[in-house]
Amino acid sequence: MSERAGQPTSYSYSRGWRLVSVIILRPLLRLLMKHRWQGKQNFPRTGGVILAPNHLSYADWPTVALFTYVYGHRYPVFMIKSAVFEVKILGPIMYKLGQLPVYRGRGDAGLVLKQAEQALAAGACVVVYPEGTASRDPDLWPMVGKTGAARLALTTGAPVIPVAHWGAQDILPYGTKKVHLFPRKTVRMAAGPPVDLSAYEGQRLGASTLRAATADIMADITALLATIRHQTPPAVPWDPAAGDRLPPSLGRTGEDPAAAPAGSPPGGEAQADSPASGGS
């Protein structure tokens, strides 16, 4: 396997290191949180699949990882900010676990897209946060999404499983460093059926197609979250670029000013948000 500046240029992982991670992390994470899970039937048992969760906090990655592995019986492959891979000892381990680095402002930033495609072709369960950053919605509903998850799905044909969760923000609220572990918090999670993207099959992956497909993904995530929260979501999503909600006229298939440009890696720059998605 060739490498570029220490970064593998093709997807691979170590079964041994993955086993070690499961032995260490699974009991620890189950000890730190309570959970209520649903939607196991929507996890494909084999084959490449994209999980698309909402994003609430830096505590997302352990909750999503535990849900994916223990409940869905799939080992999660996250897109993680490249700085994590530059940490001594930890960085090489992340590569051995098959995680994917997301770089900013580099000519090889698109490499993560190719590696994600390779991972899906190898049957991996790739986690892509469509929002790219923790929700800035005042009520923590999903925001306008980036187009990376839709691009990856339409390029590879891999199904997109929407995932909604609620409770991670009580463990570690976004923007703070104070962890609230005790009393143990309950994280509720649900996986929905694959997002129906059949309307976009065979279409050129232009901006309008990717925005429309992304809106469909975000709508399914939001609907799942509404069932978990037992609340009615806003009619239109929060637009982080505008600091407000999208006008109703832009709806599911309207202009998405926050969409990643053509050629961006899954989640692009905004995937760099947390240890599970790579960003700020």
# chains A, B, ... in the order shown; residues from 1 in each chain; ligands from 1

$ select_by_dssp --residues "segment 28-220 of chain A" --states "alpha helix (DSSP H)" --output "NGL selection string"
:A and (28-32 or 60-66 or 82-85 or 90-96 or 111-121 or 148-156 or 168-171 or 207-220)

$ select_by_dssp --residues "segment 15-195 of chain A" --states "strand (DSSP E or B)" --output "PyMOL selection string"
chain A and resi 33-38+49-53+76-81+100-102+125-127+143+160-166+185-191

$ residues_around --residues "Gly167 of chain A" --least-positions-apart "3" --cutoff "12 Å" --atoms "only C-alpha atoms" --output "MDAnalysis selection string"
chainID A and resid 33:36 54:60 63:64 140 164 170:174 180:181 184:189 225 228:229

$ write_last_selection --atoms "N, CA, C and O atoms" --output "CSV table (one decimal), in the first residue's frame"
chain,number,residue,atom,x,y,z
A,33,MET,N,-23.0,5.7,29.7
A,33,MET,CA,-24.3,6.2,29.3
A,33,MET,C,-25.3,5.1,29.2
A,33,MET,O,-25.0,3.9,29.1
A,34,LYS,N,-26.6,5.5,29.4
A,34,LYS,CA,-27.7,4.6,29.2
A,34,LYS,C,-28.2,4.8,27.8
A,34,LYS,O,-27.9,5.9,27.2
A,35,HIS,N,-29.0,3.9,27.2
A,35,HIS,CA,-29.4,4.1,25.9
A,35,HIS,C,-30.8,3.5,25.6
A,35,HIS,O,-31.2,2.5,26.3
A,36,ARG,N,-31.5,4.0,24.7
A,36,ARG,CA,-32.7,3.5,24.1
A,36,ARG,C,-32.6,3.5,22.6
A,36,ARG,O,-32.5,4.5,22.0
A,54,ASN,N,-27.6,13.1,12.7
A,54,ASN,CA,-27.6,14.5,13.1
A,54,ASN,C,-26.5,14.7,14.0
A,54,ASN,O,-25.8,13.8,14.5
A,55,HIS,N,-26.1,16.0,14.2
A,55,HIS,CA,-24.9,16.4,14.9
A,55,HIS,C,-25.3,17.3,16.1
A,55,HIS,O,-25.7,18.4,15.8
A,56,LEU,N,-25.0,16.9,17.3
A,56,LEU,CA,-25.4,17.7,18.5
A,56,LEU,C,-24.2,18.2,19.3
A,56,LEU,O,-24.2,19.2,19.9
A,57,SER,N,-23.1,17.4,19.4
A,57,SER,CA,-22.1,17.6,20.4
A,57,SER,C,-20.8,16.8,20.0
A,57,SER,O,-20.9,15.9,19.2
A,58,TYR,N,-19.7,17.1,20.7
A,58,TYR,CA,-18.5,16.3,20.6
A,58,TYR,C,-18.7,14.9,21.2
A,58,TYR,O,-17.9,14.0,20.9
A,59,ALA,N,-19.8,14.7,21.9
A,59,ALA,CA,-20.1,13.4,22.5
A,59,ALA,C,-20.8,12.5,21.4
A,59,ALA,O,-21.2,11.4,21.7
A,60,ASP,N,-21.1,13.0,20.2
A,60,ASP,CA,-21.7,12.3,19.2
A,60,ASP,C,-21.0,11.0,18.8
A,60,ASP,O,-21.6,9.9,18.7
A,63,THR,N,-21.4,7.9,21.0
A,63,THR,CA,-22.8,7.4,21.0
A,63,THR,C,-23.1,6.7,19.7
A,63,THR,O,-23.8,5.6,19.6
A,64,VAL,N,-22.7,7.3,18.6
A,64,VAL,CA,-23.0,6.8,17.3
A,64,VAL,C,-22.1,5.5,17.1
A,64,VAL,O,-22.6,4.5,16.5
A,140,LEU,N,-31.9,22.9,18.4
A,140,LEU,CA,-31.1,21.8,18.0
A,140,LEU,C,-31.7,20.8,17.0
A,140,LEU,O,-31.4,19.6,17.1
A,164,ALA,N,-31.0,9.3,13.8
A,164,ALA,CA,-31.3,10.4,14.7
A,164,ALA,C,-31.0,10.1,16.1
A,164,ALA,O,-31.2,8.9,16.6
A,170,ASP,N,-26.5,16.4,26.4
A,170,ASP,CA,-26.6,16.5,27.8
A,170,ASP,C,-25.3,16.0,28.5
A,170,ASP,O,-25.0,16.4,29.6
A,171,ILE,N,-24.6,15.2,27.8
A,171,ILE,CA,-23.3,14.6,28.3
A,171,ILE,C,-22.2,15.7,28.1
A,171,ILE,O,-21.4,16.0,29.0
A,172,LEU,N,-22.2,16.3,26.9
A,172,LEU,CA,-21.2,17.3,26.6
A,172,LEU,C,-21.8,18.3,25.7
A,172,LEU,O,-21.8,18.2,24.5
A,173,PRO,N,-22.3,19.4,26.3
A,173,PRO,CA,-23.0,20.4,25.4
A,173,PRO,C,-21.9,21.0,24.5
A,173,PRO,O,-20.8,21.2,24.8
A,174,TYR,N,-22.4,21.3,23.2
A,174,TYR,CA,-21.4,21.9,22.3
A,174,TYR,C,-20.9,23.2,22.7
A,174,TYR,O,-21.7,24.1,23.3
A,180,HIS,N,-20.7,15.9,31.6
A,180,HIS,CA,-21.7,15.6,32.6
A,180,HIS,C,-22.0,14.1,32.5
A,180,HIS,O,-22.8,13.7,31.7
A,181,LEU,N,-21.3,13.3,33.3
A,181,LEU,CA,-21.4,11.8,33.2
A,181,LEU,C,-22.4,11.3,34.2
A,181,LEU,O,-23.0,10.3,33.9
A,184,ARG,N,-25.9,9.1,35.1
A,184,ARG,CA,-25.8,8.6,33.7
A,184,ARG,C,-26.9,9.2,32.9
A,184,ARG,O,-28.1,9.1,33.3
A,185,LYS,N,-26.6,9.7,31.7
A,185,LYS,CA,-27.6,10.2,30.8
A,185,LYS,C,-28.1,9.1,29.8
A,185,LYS,O,-27.3,8.2,29.5
A,186,THR,N,-29.3,9.3,29.4
A,186,THR,CA,-29.9,8.3,28.4
A,186,THR,C,-29.8,9.0,27.1
A,186,THR,O,-30.3,10.1,26.9
A,187,VAL,N,-29.2,8.3,26.1
A,187,VAL,CA,-29.2,8.7,24.7
A,187,VAL,C,-30.1,7.8,23.9
A,187,VAL,O,-30.0,6.6,23.9
A,188,ARG,N,-31.1,8.5,23.3
A,188,ARG,CA,-32.1,7.8,22.5
A,188,ARG,C,-31.6,7.9,21.0
A,188,ARG,O,-31.3,9.0,20.5
A,189,MET,N,-31.6,6.7,20.3
A,189,MET,CA,-31.2,6.7,18.9
A,189,MET,C,-32.1,5.9,18.1
A,189,MET,O,-32.7,4.9,18.6
A,225,LEU,N,-35.8,12.3,14.1
A,225,LEU,CA,-35.6,13.0,15.4
A,225,LEU,C,-36.9,13.5,16.0
A,225,LEU,O,-37.0,13.5,17.2
A,228,ILE,N,-38.3,10.8,18.0
A,228,ILE,CA,-37.6,10.5,19.3
A,228,ILE,C,-37.9,11.6,20.3
A,228,ILE,O,-38.1,11.3,21.5
A,229,ARG,N,-38.0,12.9,19.8
A,229,ARG,CA,-38.3,14.0,20.7
A,229,ARG,C,-39.8,14.2,21.1
A,229,ARG,O,-40.1,14.9,22.0

$ residues_around --residues "Gly157 of chain A" --least-positions-apart "2" --cutoff "10 Å" --atoms "only C-alpha atoms" --output "list in words"
Gly48, Val49, Ile50, Glu117, Leu120, Ala121, Arg151, Leu152, Ala153, Leu154, Thr155, Pro159, Val160, Leu197, Ser198 and Glu201 of chain A

$ atom_distance --atom1 "atom CA of Ile161 of chain A" --atom2 "atom CA of Arg211 of chain A"
17.6 Å

$ residues_around --residues "Gly39 of chain A" --least-positions-apart "2" --cutoff "12 Å" --atoms "only C-alpha atoms" --output "ChimeraX atom specification"
/A:36-37,41-44,67-68,71-72,161-165,188-194,224,228

$ atom_distance --atom1 "atom CA of Phe85 of chain A" --atom2 "atom CA of Val126 of chain A"
17.5 Å

$ residues_around --residues "Gly16 of chain A" --least-positions-apart "4" --cutoff "12 Å" --atoms "only C-alpha atoms" --output "list in words"
Val20, Ser21, Val22, Ile23, Ile93, Lys96, Leu97 and Gly98 of chain A

$ closest_residue --among "A:Ala149, A:Val179, A:Leu113, A:Ala199" --to "Ala52 of chain A" --atoms "only C-alpha atoms"
A:Ala149

$ atom_distance --atom1 "atom CA of Ala116 of chain A" --atom2 "atom CA of Ala226 of chain A"
29.6 Å

$ decode --residues "segment 56-86 of chain A" --atoms "N, CA, C and O atoms" --output "tab-separated table (two decimals), in the first residue's frame"
chain	number	residue	atom	x	y	z
A	56	LEU	N	-24.98	16.93	17.30
A	56	LEU	CA	-25.35	17.74	18.46
A	56	LEU	C	-24.18	18.19	19.31
A	56	LEU	O	-24.23	19.25	19.92
A	57	SER	N	-23.12	17.37	19.37
A	57	SER	CA	-22.08	17.62	20.37
A	57	SER	C	-20.84	16.80	20.04
A	57	SER	O	-20.87	15.89	19.22
A	58	TYR	N	-19.75	17.10	20.73
A	58	TYR	CA	-18.53	16.30	20.59
A	58	TYR	C	-18.74	14.89	21.15
A	58	TYR	O	-17.93	14.00	20.89
A	59	ALA	N	-19.80	14.70	21.92
A	59	ALA	CA	-20.11	13.38	22.46
A	59	ALA	C	-20.82	12.50	21.44
A	59	ALA	O	-21.15	11.35	21.73
A	60	ASP	N	-21.06	13.03	20.25
A	60	ASP	CA	-21.74	12.25	19.22
A	60	ASP	C	-21.00	10.98	18.83
A	60	ASP	O	-21.60	9.93	18.65
A	61	TRP	N	-19.68	11.13	18.63
A	61	TRP	CA	-18.97	9.99	18.04
A	61	TRP	C	-19.04	8.73	18.90
A	61	TRP	O	-19.28	7.64	18.37
A	62	PRO	N	-18.87	8.80	20.25
A	62	PRO	CA	-18.99	7.54	21.00
A	62	PRO	C	-20.41	6.99	21.00
A	62	PRO	O	-20.59	5.77	21.00
A	63	THR	N	-21.43	7.88	21.01
A	63	THR	CA	-22.80	7.38	21.01
A	63	THR	C	-23.13	6.71	19.68
A	63	THR	O	-23.75	5.65	19.64
A	64	VAL	N	-22.71	7.33	18.59
A	64	VAL	CA	-22.95	6.76	17.26
A	64	VAL	C	-22.15	5.47	17.08
A	64	VAL	O	-22.64	4.48	16.52
A	65	ALA	N	-20.91	5.48	17.56
A	65	ALA	CA	-20.06	4.29	17.43
A	65	ALA	C	-20.66	3.11	18.17
A	65	ALA	O	-20.72	1.98	17.65
A	66	LEU	N	-21.11	3.35	19.40
A	66	LEU	CA	-21.70	2.26	20.19
A	66	LEU	C	-22.98	1.74	19.56
A	66	LEU	O	-23.20	0.53	19.45
A	67	PHE	N	-23.82	2.65	19.12
A	67	PHE	CA	-25.08	2.29	18.46
A	67	PHE	C	-24.80	1.46	17.21
A	67	PHE	O	-25.45	0.42	16.97
A	68	THR	N	-23.84	1.89	16.42
A	68	THR	CA	-23.54	1.22	15.16
A	68	THR	C	-22.99	-0.18	15.38
A	68	THR	O	-23.41	-1.14	14.71
A	69	TYR	N	-22.07	-0.32	16.33
A	69	TYR	CA	-21.42	-1.61	16.51
A	69	TYR	C	-22.27	-2.58	17.33
A	69	TYR	O	-22.47	-3.74	16.93
A	70	VAL	N	-22.76	-2.14	18.48
A	70	VAL	CA	-23.48	-3.04	19.38
A	70	VAL	C	-24.87	-3.35	18.87
A	70	VAL	O	-25.32	-4.50	18.90
A	71	TYR	N	-25.56	-2.36	18.37
A	71	TYR	CA	-26.95	-2.54	17.95
A	71	TYR	C	-27.05	-2.91	16.47
A	71	TYR	O	-27.80	-3.80	16.09
A	72	GLY	N	-26.26	-2.21	15.64
A	72	GLY	CA	-26.33	-2.46	14.19
A	72	GLY	C	-25.39	-3.54	13.70
A	72	GLY	O	-25.47	-3.96	12.54
A	73	HIS	N	-24.48	-4.00	14.58
A	73	HIS	CA	-23.51	-5.05	14.22
A	73	HIS	C	-22.65	-4.66	13.03
A	73	HIS	O	-22.30	-5.50	12.20
A	74	ARG	N	-22.31	-3.36	12.95
A	74	ARG	CA	-21.40	-2.88	11.91
A	74	ARG	C	-20.31	-2.04	12.56
A	74	ARG	O	-20.57	-1.23	13.45
A	75	TYR	N	-19.06	-2.21	12.11
A	75	TYR	CA	-17.95	-1.42	12.66
A	75	TYR	C	-17.96	-0.06	11.97
A	75	TYR	O	-17.91	0.03	10.75
A	76	PRO	N	-18.03	1.04	12.75
A	76	PRO	CA	-18.15	2.35	12.13
A	76	PRO	C	-16.83	2.89	11.60
A	76	PRO	O	-15.78	2.79	12.24
A	77	VAL	N	-16.89	3.48	10.42
A	77	VAL	CA	-15.74	4.17	9.82
A	77	VAL	C	-16.10	5.65	9.75
A	77	VAL	O	-16.98	6.04	8.99
A	78	PHE	N	-15.43	6.46	10.56
A	78	PHE	CA	-15.73	7.89	10.63
A	78	PHE	C	-14.78	8.68	9.73
A	78	PHE	O	-13.64	8.29	9.50
A	79	MET	N	-15.26	9.83	9.27
A	79	MET	CA	-14.41	10.83	8.66
A	79	MET	C	-13.98	11.78	9.77
A	79	MET	O	-14.81	12.44	10.38
A	80	ILE	N	-12.67	11.84	10.02
A	80	ILE	CA	-12.15	12.53	11.19
A	80	ILE	C	-11.17	13.62	10.76
A	80	ILE	O	-10.41	13.43	9.82
A	81	LYS	N	-11.18	14.73	11.48
A	81	LYS	CA	-10.29	15.83	11.11
A	81	LYS	C	-8.84	15.34	11.10
A	81	LYS	O	-8.41	14.57	11.96
A	82	SER	N	-8.09	15.82	10.14
A	82	SER	CA	-6.74	15.31	9.90
A	82	SER	C	-5.80	15.53	11.06
A	82	SER	O	-4.84	14.77	11.24
A	83	ALA	N	-6.07	16.57	11.89
A	83	ALA	CA	-5.18	16.84	13.02
A	83	ALA	C	-5.07	15.64	13.96
A	83	ALA	O	-4.02	15.43	14.58
A	84	VAL	N	-6.15	14.87	14.07
A	84	VAL	CA	-6.13	13.69	14.95
A	84	VAL	C	-5.09	12.68	14.46
A	84	VAL	O	-4.42	12.01	15.25
A	85	PHE	N	-4.95	12.57	13.13
A	85	PHE	CA	-4.03	11.60	12.54
A	85	PHE	C	-2.58	12.04	12.66
A	85	PHE	O	-1.67	11.28	12.36
A	86	GLU	N	-2.36	13.29	13.06
A	86	GLU	CA	-1.01	13.82	13.20
A	86	GLU	C	-0.50	13.69	14.63
A	86	GLU	O	0.65	14.05	14.91
